[in-house]
>>> print(open('query-v1.tsv').read())   # TSV, N, CA and C atoms
chain	number	residue	atom	x	y	z
A	20	MET	N	3.56	55.57	1.04
A	20	MET	CA	4.36	54.37	0.82
A	20	MET	C	3.87	53.25	1.73
A	21	VAL	N	3.93	52.04	1.21
A	21	VAL	CA	3.62	50.83	1.97
A	21	VAL	C	4.94	50.12	2.21
A	22	THR	N	5.21	49.76	3.45
A	22	THR	CA	6.44	49.06	3.78
A	22	THR	C	6.14	47.58	3.97
A	23	LEU	N	6.80	46.76	3.17
A	23	LEU	CA	6.66	45.31	3.27
A	23	LEU	C	7.87	44.77	4.00
A	24	LYS	N	7.65	43.86	4.91
A	24	LYS	CA	8.75	43.23	5.65
A	24	LYS	C	8.98	41.84	5.08
A	25	CYS	N	10.13	41.67	4.45
A	25	CYS	CA	10.47	40.40	3.83
A	25	CYS	C	11.35	39.58	4.77
A	26	ARG	N	11.14	38.26	4.79
A	26	ARG	CA	11.83	37.38	5.73
A	26	ARG	C	13.32	37.25	5.45
A	27	THR	N	13.72	37.37	4.20
A	27	THR	CA	15.12	37.21	3.83
A	27	THR	C	15.50	38.23	2.77
A	28	PRO	N	16.80	38.50	2.57
A	28	PRO	CA	17.22	39.37	1.48
A	28	PRO	C	16.79	38.83	0.11
A	29	ALA	N	16.82	37.51	-0.06
A	29	ALA	CA	16.40	36.92	-1.33
A	29	ALA	C	14.92	37.20	-1.60
A	30	GLU	N	14.10	37.11	-0.56
A	30	GLU	CA	12.68	37.40	-0.72
A	30	GLU	C	12.48	38.88	-1.05
A	31	ALA	N	13.26	39.75	-0.43
A	31	ALA	CA	13.15	41.19	-0.72
A	31	ALA	C	13.49	41.47	-2.19
A	32	ARG	N	14.54	40.82	-2.68
A	32	ARG	CA	14.90	40.99	-4.10
A	32	ARG	C	13.78	40.48	-5.00
A	33	LEU	N	13.20	39.35	-4.66
A	33	LEU	CA	12.12	38.76	-5.45
A	33	LEU	C	10.89	39.67	-5.45
A	34	VAL	N	10.53	40.20	-4.29
A	34	VAL	CA	9.39	41.11	-4.20
A	34	VAL	C	9.64	42.36	-5.05
A	35	ARG	N	10.84	42.93	-4.92
A	35	ARG	CA	11.18	44.12	-5.71
A	35	ARG	C	11.09	43.82	-7.20
A	36	GLU	N	11.65	42.69	-7.62
A	36	GLU	CA	11.63	42.31	-9.05
A	36	GLU	C	10.20	42.09	-9.54
A	37	ASN	N	9.36	41.45	-8.73
A	37	ASN	CA	7.97	41.22	-9.12
A	37	ASN	C	7.22	42.53	-9.31
A	38	PHE	N	7.41	43.47	-8.39
A	38	PHE	CA	6.73	44.75	-8.52
A	38	PHE	C	7.27	45.52	-9.72
A	39	GLU	N	8.58	45.51	-9.91
A	39	GLU	CA	9.16	46.24	-11.03
A	39	GLU	C	8.75	45.64	-12.37
A	40	SER	N	8.57	44.32	-12.44
A	40	SER	CA	8.11	43.71	-13.69
A	40	SER	C	6.66	44.08	-13.99
A	41	ALA	N	5.90	44.47	-12.95
A	41	ALA	CA	4.53	44.95	-13.13
A	41	ALA	C	4.48	46.46	-13.34
A	42	GLY	N	5.65	47.09	-13.44
A	42	GLY	CA	5.71	48.52	-13.69
A	42	GLY	C	5.61	49.38	-12.45
A	43	VAL	N	5.81	48.80	-11.28
A	43	VAL	CA	5.73	49.54	-10.01
A	43	VAL	C	7.14	49.67	-9.45
A	44	ILE	N	7.52	50.89	-9.12
A	44	ILE	CA	8.85	51.12	-8.56
A	44	ILE	C	8.84	50.71	-7.09
A	45	ALA	N	9.74	49.80	-6.74
A	45	ALA	CA	9.86	49.32	-5.36
A	45	ALA	C	11.24	49.70	-4.84
A	46	LEU	N	11.28	50.26	-3.65
A	46	LEU	CA	12.55	50.69	-3.07
A	46	LEU	C	13.04	49.67	-2.05
A	47	ALA	N	14.25	49.19	-2.27
A	47	ALA	CA	14.87	48.25	-1.35
A	47	ALA	C	16.30	48.72	-1.11
A	48	PRO	N	16.88	48.40	0.03
A	48	PRO	CA	18.26	48.81	0.31
A	48	PRO	C	19.25	48.13	-0.64
A	49	GLN	N	20.45	48.70	-0.72
A	49	GLN	CA	21.54	48.07	-1.47
A	49	GLN	C	21.90	46.75	-0.80
A	50	GLU	N	22.62	45.88	-1.50
A	50	GLU	CA	22.94	44.55	-0.99
A	50	GLU	C	23.56	44.58	0.41
A	51	GLU	N	24.58	45.42	0.62
A	51	GLU	CA	25.26	45.46	1.92
A	51	GLU	C	24.31	45.92	3.01
A	52	GLN	N	23.54	46.96	2.71
A	52	GLN	CA	22.59	47.49	3.68
A	52	GLN	C	21.45	46.51	3.93
A	53	MET	N	21.09	45.76	2.89
A	53	MET	CA	20.05	44.76	3.03
A	53	MET	C	20.49	43.67	4.01
A	54	LEU	N	21.73	43.23	3.89
A	54	LEU	CA	22.25	42.21	4.80
A	54	LEU	C	22.35	42.73	6.23
A	55	LEU	N	22.79	43.98	6.38
A	55	LEU	CA	22.86	44.58	7.72
A	55	LEU	C	21.48	44.70	8.35
A	56	GLN	N	20.51	45.13	7.55
A	56	GLN	CA	19.15	45.27	8.05
A	56	GLN	C	18.58	43.91	8.46
A	57	TYR	N	18.87	42.89	7.65
A	57	TYR	CA	18.40	41.54	7.97
A	57	TYR	C	19.03	41.03	9.26
A	58	LYS	N	20.33	41.25	9.43
A	58	LYS	CA	21.00	40.79	10.65
A	58	LYS	C	20.50	41.53	11.87
A	59	LYS	N	20.20	42.81	11.72
A	59	LYS	CA	19.75	43.61	12.86
A	59	LYS	C	18.29	43.34	13.22
A	60	ASN	N	17.41	43.29	12.23
A	60	ASN	CA	15.97	43.21	12.49
A	60	ASN	C	15.36	41.83	12.28
A	61	GLY	N	16.03	41.00	11.49
A	61	GLY	CA	15.44	39.70	11.15
A	61	GLY	C	14.53	39.77	9.94
A	62	TYR	N	14.49	40.90	9.27
A	62	TYR	CA	13.71	41.08	8.04
A	62	TYR	C	14.32	42.23	7.24
A	63	VAL	N	13.86	42.36	5.98
A	63	VAL	CA	14.31	43.43	5.10
A	63	VAL	C	13.07	44.19	4.64
A	64	GLU	N	13.15	45.52	4.69
A	64	GLU	CA	12.01	46.35	4.29
A	64	GLU	C	12.09	46.71	2.82
A	65	VAL	N	10.96	46.56	2.13
A	65	VAL	CA	10.82	47.00	0.74
A	65	VAL	C	9.65	47.98	0.72
A	66	GLN	N	9.86	49.15	0.13
A	66	GLN	CA	8.81	50.17	0.11
A	66	GLN	C	8.22	50.28	-1.30
A	67	VAL	N	6.88	50.39	-1.33
A	67	VAL	CA	6.15	50.47	-2.58
A	67	VAL	C	5.14	51.61	-2.45
A	68	PRO	N	4.93	52.42	-3.50
A	68	PRO	CA	3.90	53.47	-3.41
A	68	PRO	C	2.53	52.85	-3.10
A	69	ALA	N	1.81	53.46	-2.17
A	69	ALA	CA	0.54	52.90	-1.70
A	69	ALA	C	-0.48	52.75	-2.83
A	70	ASP	N	-0.61	53.77	-3.68
A	70	ASP	CA	-1.61	53.69	-4.75
A	70	ASP	C	-1.27	52.59	-5.76
A	71	ALA	N	0.01	52.44	-6.06
A	71	ALA	CA	0.43	51.37	-6.98
A	71	ALA	C	0.26	50.01	-6.32
A	72	TYR	N	0.52	49.94	-5.04
A	72	TYR	CA	0.37	48.67	-4.31
A	72	TYR	C	-1.10	48.24	-4.31
A	73	ASP	N	-2.00	49.19	-4.07
A	73	ASP	CA	-3.43	48.87	-4.05
A	73	ASP	C	-3.94	48.46	-5.42
A	74	SER	N	-3.34	49.00	-6.50
A	74	SER	CA	-3.83	48.72	-7.85
A	74	SER	C	-3.34	47.38	-8.39
A	75	THR	N	-2.36	46.76	-7.76
A	75	THR	CA	-1.83	45.47	-8.24
A	75	THR	C	-2.41	44.34	-7.41
A	76	GLY	N	-3.69	44.07	-7.61
A	76	GLY	CA	-4.41	43.10	-6.79
A	76	GLY	C	-3.80	41.71	-6.77
A	77	ASP	N	-3.55	41.13	-7.95
A	77	ASP	CA	-3.00	39.77	-8.00
A	77	ASP	C	-1.62	39.71	-7.38
A	78	LEU	N	-0.78	40.65	-7.76
A	78	LEU	CA	0.58	40.67	-7.23
A	78	LEU	C	0.57	40.93	-5.73
A	79	ARG	N	-0.31	41.81	-5.27
A	79	ARG	CA	-0.41	42.11	-3.84
A	79	ARG	C	-0.80	40.87	-3.04
A	80	SER	N	-1.74	40.09	-3.54
A	80	SER	CA	-2.16	38.90	-2.80
A	80	SER	C	-1.03	37.88	-2.71
A	81	VAL	N	-0.22	37.76	-3.74
A	81	VAL	CA	0.92	36.84	-3.71
A	81	VAL	C	1.96	37.32	-2.71
A	82	VAL	N	2.25	38.60	-2.70
A	82	VAL	CA	3.24	39.16	-1.79
A	82	VAL	C	2.76	39.04	-0.35
A	83	GLU	N	1.51	39.39	-0.08
A	83	GLU	CA	0.99	39.30	1.28
A	83	GLU	C	0.98	37.86	1.77
A	84	PHE	N	0.67	36.91	0.89
A	84	PHE	CA	0.69	35.51	1.30
A	84	PHE	C	2.10	35.06	1.63
A	85	SER	N	3.06	35.45	0.81
A	85	SER	CA	4.43	34.99	1.05
A	85	SER	C	5.02	35.63	2.30
A	86	ILE	N	4.59	36.81	2.65
A	86	ILE	CA	5.13	37.49	3.82
A	86	ILE	C	4.42	37.06	5.09
A	87	SER	N	3.11	36.87	5.04
A	87	SER	CA	2.37	36.57	6.26
A	87	SER	C	2.00	35.10	6.37
A	88	GLY	N	2.63	34.24	5.63
A	88	GLY	CA	2.32	32.81	5.66
A	88	GLY	C	2.70	32.19	6.98
A	89	SER	N	2.43	30.89	7.10
A	89	SER	CA	2.67	30.20	8.36
A	89	SER	C	4.15	30.09	8.68
A	90	ASP	N	5.01	30.23	7.69
A	90	ASP	CA	6.44	30.12	7.92
A	90	ASP	C	7.08	31.51	7.98
A	91	ALA	N	6.46	32.42	8.72
A	91	ALA	CA	6.91	33.81	8.74
A	91	ALA	C	7.95	34.07	9.82
A	92	GLY	N	8.82	33.13	10.05
A	92	GLY	CA	9.86	33.31	11.04
A	92	GLY	C	9.42	32.83	12.41
A	93	GLY	N	10.28	33.01	13.39
A	93	GLY	CA	9.95	32.55	14.73
A	93	GLY	C	10.38	31.11	14.94
A	94	LEU	N	10.12	30.63	16.13
A	94	LEU	CA	10.52	29.28	16.50
A	94	LEU	C	9.44	28.28	16.14
A	95	ARG	N	9.86	27.07	15.81
A	95	ARG	CA	8.93	25.98	15.58
A	95	ARG	C	8.52	25.41	16.94
A	96	PHE	N	7.47	24.59	16.94
A	96	PHE	CA	6.94	24.02	18.18
A	96	PHE	C	8.01	23.27	18.95
A	97	ILE	N	8.78	22.45	18.27
A	97	ILE	CA	9.79	21.64	18.95
A	97	ILE	C	10.86	22.52	19.60
A	98	GLN	N	11.18	23.65	18.98
A	98	GLN	CA	12.15	24.58	19.57
A	98	GLN	C	11.58	25.24	20.82
A	99	LYS	N	10.29	25.56	20.79
A	99	LYS	CA	9.64	26.14	21.97
A	99	LYS	C	9.62	25.13	23.11
A	100	LEU	N	9.30	23.90	22.78
A	100	LEU	CA	9.28	22.84	23.79
A	100	LEU	C	10.67	22.62	24.38
A	101	PHE	N	11.69	22.66	23.53
A	101	PHE	CA	13.06	22.50	24.00
A	101	PHE	C	13.45	23.64	24.94
A	102	ALA	N	13.10	24.87	24.57
A	102	ALA	CA	13.41	26.03	25.40
A	102	ALA	C	12.73	25.92	26.76
A	103	ALA	N	11.47	25.49	26.76
A	103	ALA	CA	10.75	25.35	28.03
A	103	ALA	C	11.37	24.24	28.88
A	104	SER	N	11.81	23.15	28.25
A	104	SER	CA	12.43	22.06	29.01
A	104	SER	C	13.77	22.49	29.59
A	105	LEU	N	14.47	23.39	28.91
A	105	LEU	CA	15.73	23.91	29.46
A	105	LEU	C	15.48	24.66	30.76
A	106	GLY	N	14.33	25.34	30.85
A	106	GLY	CA	13.98	26.06	32.07
A	106	GLY	C	13.76	25.14	33.25
A	107	VAL	N	13.35	23.92	32.99
A	107	VAL	CA	13.11	22.95	34.06
A	107	VAL	C	14.42	22.32	34.51
A	108	LEU	N	15.40	22.23	33.62
A	108	LEU	CA	16.67	21.56	33.93
A	108	LEU	C	17.64	22.41	34.75
A	109	ILE	N	17.34	23.64	34.99
A	109	ILE	CA	18.09	24.62	35.78
A	109	ILE	C	19.57	24.72	35.38
A	110	ILE	N	20.49	24.02	36.05
A	110	ILE	CA	21.93	24.26	35.83
A	110	ILE	C	22.36	23.95	34.40
A	111	PRO	N	22.22	22.74	33.89
A	111	PRO	CA	22.65	22.54	32.50
A	111	PRO	C	21.77	23.33	31.54
A	112	GLY	N	20.48	23.47	31.90
A	112	GLY	CA	19.56	24.22	31.06
A	112	GLY	C	19.95	25.68	30.93
A	113	LEU	N	20.40	26.27	32.02
A	113	LEU	CA	20.81	27.67	32.00
A	113	LEU	C	22.03	27.88	31.11
A	114	LEU	N	22.97	26.96	31.18
A	114	LEU	CA	24.18	27.07	30.35
A	114	LEU	C	23.85	26.91	28.87
A	115	ILE	N	23.02	25.91	28.55
A	115	ILE	CA	22.63	25.70	27.15
A	115	ILE	C	21.80	26.87	26.66
A	116	PHE	N	20.90	27.37	27.52
A	116	PHE	CA	20.08	28.53	27.17
A	116	PHE	C	20.95	29.73	26.81
A	117	ALA	N	21.93	30.04	27.66
A	117	ALA	CA	22.81	31.19	27.41
A	117	ALA	C	23.56	31.02	26.09
A	118	TRP	N	24.04	29.82	25.83
A	118	TRP	CA	24.79	29.55	24.60
A	118	TRP	C	23.90	29.72	23.37
A	119	LEU	N	22.67	29.15	23.40
A	119	LEU	CA	21.78	29.25	22.24
A	119	LEU	C	21.24	30.67	22.05
A	120	LEU	N	20.95	31.37	23.14
A	120	LEU	CA	20.46	32.74	23.03
A	120	LEU	C	21.52	33.63	22.39
A	121	THR	N	22.77	33.46	22.82
A	121	THR	CA	23.87	34.22	22.21
A	121	THR	C	24.00	33.89	20.74
A	122	SER	N	23.84	32.63	20.39
A	122	SER	CA	23.93	32.21	19.00
A	122	SER	C	22.83	32.86	18.15
A	123	TYR	N	21.59	32.87	18.65
A	123	TYR	CA	20.50	33.52	17.92
A	123	TYR	C	20.81	35.00	17.70
A	124	ARG	N	21.29	35.66	18.73
A	124	ARG	CA	21.57	37.10	18.61
A	124	ARG	C	22.72	37.38	17.66
A	125	LYS	N	23.76	36.55	17.67
A	125	LYS	CA	24.89	36.75	16.75
A	125	LYS	C	24.47	36.57	15.30
A	126	GLN	N	23.49	35.71	15.07
A	126	GLN	CA	23.00	35.47	13.72
A	126	GLN	C	21.99	36.53	13.28
A	127	GLY	N	21.66	37.45	14.18
A	127	GLY	CA	20.71	38.50	13.85
A	127	GLY	C	19.27	38.05	13.92
A	128	LEU	N	19.00	36.95	14.59
A	128	LEU	CA	17.64	36.42	14.70
A	128	LEU	C	17.00	36.94	15.99
A	129	GLN	N	16.66	38.22	15.99
A	129	GLN	CA	16.15	38.87	17.19
A	129	GLN	C	14.80	38.30	17.62
A	130	ARG	N	13.93	38.05	16.64
A	130	ARG	CA	12.61	37.51	16.99
A	130	ARG	C	12.75	36.13	17.63
A	131	GLU	N	13.59	35.29	17.05
A	131	GLU	CA	13.80	33.95	17.59
A	131	GLU	C	14.41	34.01	18.98
A	132	ALA	N	15.35	34.94	19.18
A	132	ALA	CA	15.97	35.09	20.50
A	132	ALA	C	14.94	35.50	21.54
A	133	LYS	N	14.06	36.40	21.17
A	133	LYS	CA	13.02	36.86	22.09
A	133	LYS	C	12.05	35.72	22.44
A	134	GLU	N	11.64	34.96	21.43
A	134	GLU	CA	10.74	33.83	21.67
A	134	GLU	C	11.44	32.75	22.51
A	135	PHE	N	12.70	32.49	22.20
A	135	PHE	CA	13.45	31.48	22.94
A	135	PHE	C	13.54	31.86	24.41
A	136	LYS	N	13.81	33.14	24.68
A	136	LYS	CA	13.88	33.62	26.06
A	136	LYS	C	12.53	33.48	26.76
A	137	PHE	N	11.46	33.82	26.06
A	137	PHE	CA	10.11	33.72	26.63
A	137	PHE	C	9.81	32.27	27.02
A	138	TRP	N	10.07	31.33	26.11
A	138	TRP	CA	9.74	29.93	26.39
A	138	TRP	C	10.64	29.34	27.47
A	139	PHE	N	11.86	29.82	27.56
A	139	PHE	CA	12.73	29.39	28.66
A	139	PHE	C	12.13	29.85	29.99
A	140	LEU	N	11.67	31.09	30.04
A	140	LEU	CA	11.06	31.61	31.26
A	140	LEU	C	9.76	30.88	31.59
A	141	VAL	N	9.03	30.45	30.57
A	141	VAL	CA	7.83	29.64	30.81
A	141	VAL	C	8.24	28.34	31.50
A	142	GLY	N	9.33	27.73	31.04
A	142	GLY	CA	9.84	26.51	31.67
A	142	GLY	C	10.26	26.74	33.11
A	143	VAL	N	10.94	27.85	33.37
A	143	VAL	CA	11.34	28.18	34.74
A	143	VAL	C	10.10	28.37	35.61
A	144	GLY	N	9.11	29.08	35.07
A	144	GLY	CA	7.86	29.28	35.81
A	144	GLY	C	7.15	27.97	36.11
A	145	ALA	N	7.14	27.06	35.14
A	145	ALA	CA	6.53	25.75	35.36
A	145	ALA	C	7.26	24.99	36.46
A	146	TRP	N	8.57	25.08	36.46
A	146	TRP	CA	9.38	24.41	37.49
A	146	TRP	C	9.05	24.97	38.87
A	147	VAL	N	8.95	26.27	38.98
A	147	VAL	CA	8.63	26.92	40.25
A	147	VAL	C	7.23	26.49	40.71
A	148	LEU	N	6.26	26.45	39.79
A	148	LEU	CA	4.91	26.02	40.16
A	148	LEU	C	4.89	24.57	40.62
A	149	ILE	N	5.66	23.72	39.99
A	149	ILE	CA	5.72	22.31	40.40
A	149	ILE	C	6.30	22.20	41.81
A	150	ILE	N	7.35	22.94	42.09
A	150	ILE	CA	7.96	22.92	43.43
A	150	ILE	C	6.97	23.44	44.47
A	151	LEU	N	6.30	24.55	44.17
A	151	LEU	CA	5.32	25.10	45.11
A	151	LEU	C	4.16	24.15	45.34
A	152	ALA	N	3.70	23.49	44.29
A	152	ALA	CA	2.60	22.54	44.42
A	152	ALA	C	3.04	21.34	45.28
A	153	ALA	N	4.26	20.88	45.07
A	153	ALA	CA	4.77	19.76	45.86
A	153	ALA	C	4.87	20.14	47.33
A	154	LEU	N	5.33	21.36	47.60
A	154	LEU	CA	5.42	21.83	48.99
A	154	LEU	C	4.03	21.97	49.62
A	155	ALA	N	3.07	22.45	48.85
A	155	ALA	CA	1.72	22.65	49.37
A	155	ALA	C	1.05	21.31	49.70
A	156	PHE	N	1.27	20.32	48.85
A	156	PHE	CA	0.65	19.00	49.09
A	156	PHE	C	1.36	18.21	50.17
A	157	SER	N	2.61	18.54	50.46
A	157	SER	CA	3.34	17.81	51.48
A	157	SER	C	3.02	18.31	52.90
A	158	LEU	N	2.38	19.46	52.98
A	158	LEU	CA	2.03	20.00	54.31
A	158	LEU	C	0.82	19.38	54.87
>>> encode(input="query-v1.tsv", output="structure tokens")
Amino acid sequence: MVTLKCRTPAEARLVRENFESAGVIALAPQEEQMLLQYKKNGYVEVQVPADAYDSTGDLRSVVEFSISGSDAGGLRFIQKLFAASLGVLIIPGLLIFAWLLTSYRKQGLQREAKEFKFWFLVGVGAWVLIILAALAFSL
């Protein structure tokens, strides 16, 4: 079996329907389980027999493009920049960071929460380096 990770439940349904219209049985969770899986992981898994997946060249290329395209989840550049700037702002930044991180996690956006945390820490690290550099040059 080949496991495809779809960005949304709607995409998982579309992938399943496309494979089934080509005569390939695709396994996807029921609606309720699909939503739970999406909230927990940030994606929905659809399973397809490996030999059938390999034999559907045109359909496979469309599915792989839609799943691995440039919009495959995660934070946009401006969100990363915002997270890093929150790390420099310390007190208000920490409060806003905690609020947004909790929001990402409640929405089931685990990947975004992880990236947001990383970029916040990059901002904190930049702030520390700036302070250390200022201290070193003042001596």
>>> residues_around(input="query-v1.tsv", residues="Ile109 (chain A)", least_positions_apart="5", cutoff="8 Å", atoms="all atoms listed in the file", output="PDB file with N, CA and C atoms, in the coordinates of the input")
ATOM      1  N   SER A 104      11.810  23.150  28.250  1.00  0.00           N
ATOM      2  CA  SER A 104      12.430  22.060  29.010  1.00  0.00           C
ATOM      3  C   SER A 104      13.770  22.490  29.590  1.00  0.00           C
ATOM      4  N   LEU A 114      22.970  26.960  31.180  1.00  0.00           N
ATOM      5  CA  LEU A 114      24.180  27.070  30.350  1.00  0.00           C
ATOM      6  C   LEU A 114      23.850  26.910  28.870  1.00  0.00           C
ATOM      7  N   ILE A 115      23.020  25.910  28.550  1.00  0.00           N
ATOM      8  CA  ILE A 115      22.630  25.700  27.150  1.00  0.00           C
ATOM      9  C   ILE A 115      21.800  26.870  26.660  1.00  0.00           C
ATOM     10  N   GLY A 142       9.330  27.730  31.040  1.00  0.00           N
ATOM     11  CA  GLY A 142       9.840  26.510  31.670  1.00  0.00           C
ATOM     12  C   GLY A 142      10.260  26.740  33.110  1.00  0.00           C
ATOM     13  N   VAL A 143      10.940  27.850  33.370  1.00  0.00           N
ATOM     14  CA  VAL A 143      11.340  28.180  34.740  1.00  0.00           C
ATOM     15  C   VAL A 143      10.100  28.370  35.610  1.00  0.00           C
TER      16      VAL A 143
END
>>> select_by_dssp(input="query-v1.tsv", residues="region 29-153 of chain A", states="strand (DSSP E)", output="short mmCIF file (atom, residue, chain, number, x, y, z; two decimals) with N, CA and C atoms, in the coordinates of the input")
data_model
loop_
_atom_site.label_atom_id
_atom_site.label_comp_id
_atom_site.auth_asym_id
_atom_site.auth_seq_id
_atom_site.Cartn_x
_atom_site.Cartn_y
_atom_site.Cartn_z
N VAL A 63 13.86 42.36 5.98
CA VAL A 63 14.31 43.43 5.10
C VAL A 63 13.07 44.19 4.64
N GLU A 64 13.15 45.52 4.69
CA GLU A 64 12.01 46.35 4.29
C GLU A 64 12.09 46.71 2.82
N VAL A 65 10.96 46.56 2.13
CA VAL A 65 10.82 47.00 0.74
C VAL A 65 9.65 47.98 0.72
N GLN A 66 9.86 49.15 0.13
CA GLN A 66 8.81 50.17 0.11
C GLN A 66 8.22 50.28 -1.30
N VAL A 67 6.88 50.39 -1.33
CA VAL A 67 6.15 50.47 -2.58
C VAL A 67 5.14 51.61 -2.45
#
>>> closest_residue(input="query-v1.tsv", among="A:Ala117, A:Ala132, A:Ile97, A:Val43", to="Ala71 (chain A)", atoms="all atoms listed in the file")
A:Val43
>>> closest_residue(input="query-v1.tsv", among="A:Ser122, A:Pro68, A:Lys58, A:Val21", to="Ile44 (chain A)", atoms="all atoms listed in the file")
A:Pro68
>>> closest_residue(input="query-v1.tsv", among="A:Gly106, A:Gly127, A:Pro28, A:Gly93", to="Val141 (chain A)", atoms="only N, CA and C atoms")
A:Gly106
>>> atom_distance(input="query-v1.tsv", atom1="CA of Lys24 (chain A)", atom2="atom C of Phe101 (chain A)")
27.9 Å
>>> closest_residue(input="query-v1.tsv", among="A:Leu158, A:Val65, A:Leu119, A:Leu113", to="Arg35 (chain A)", atoms="all atoms listed in the file")
A:Val65
>>> atom_distance(input="query-v1.tsv", atom1="CA of Val67 (chain A)", atom2="CA of Arg32 (chain A)")
13.0 Å
>>> residues_near_point(input="query-v1.tsv", point="(13.1, 47.3, 0.7)", cutoff="9 Å", atoms="only C-alpha atoms", output="PyMOL selection string")
chain A and resi 22-25+28+31-32+34-35+45-49+53+63-67
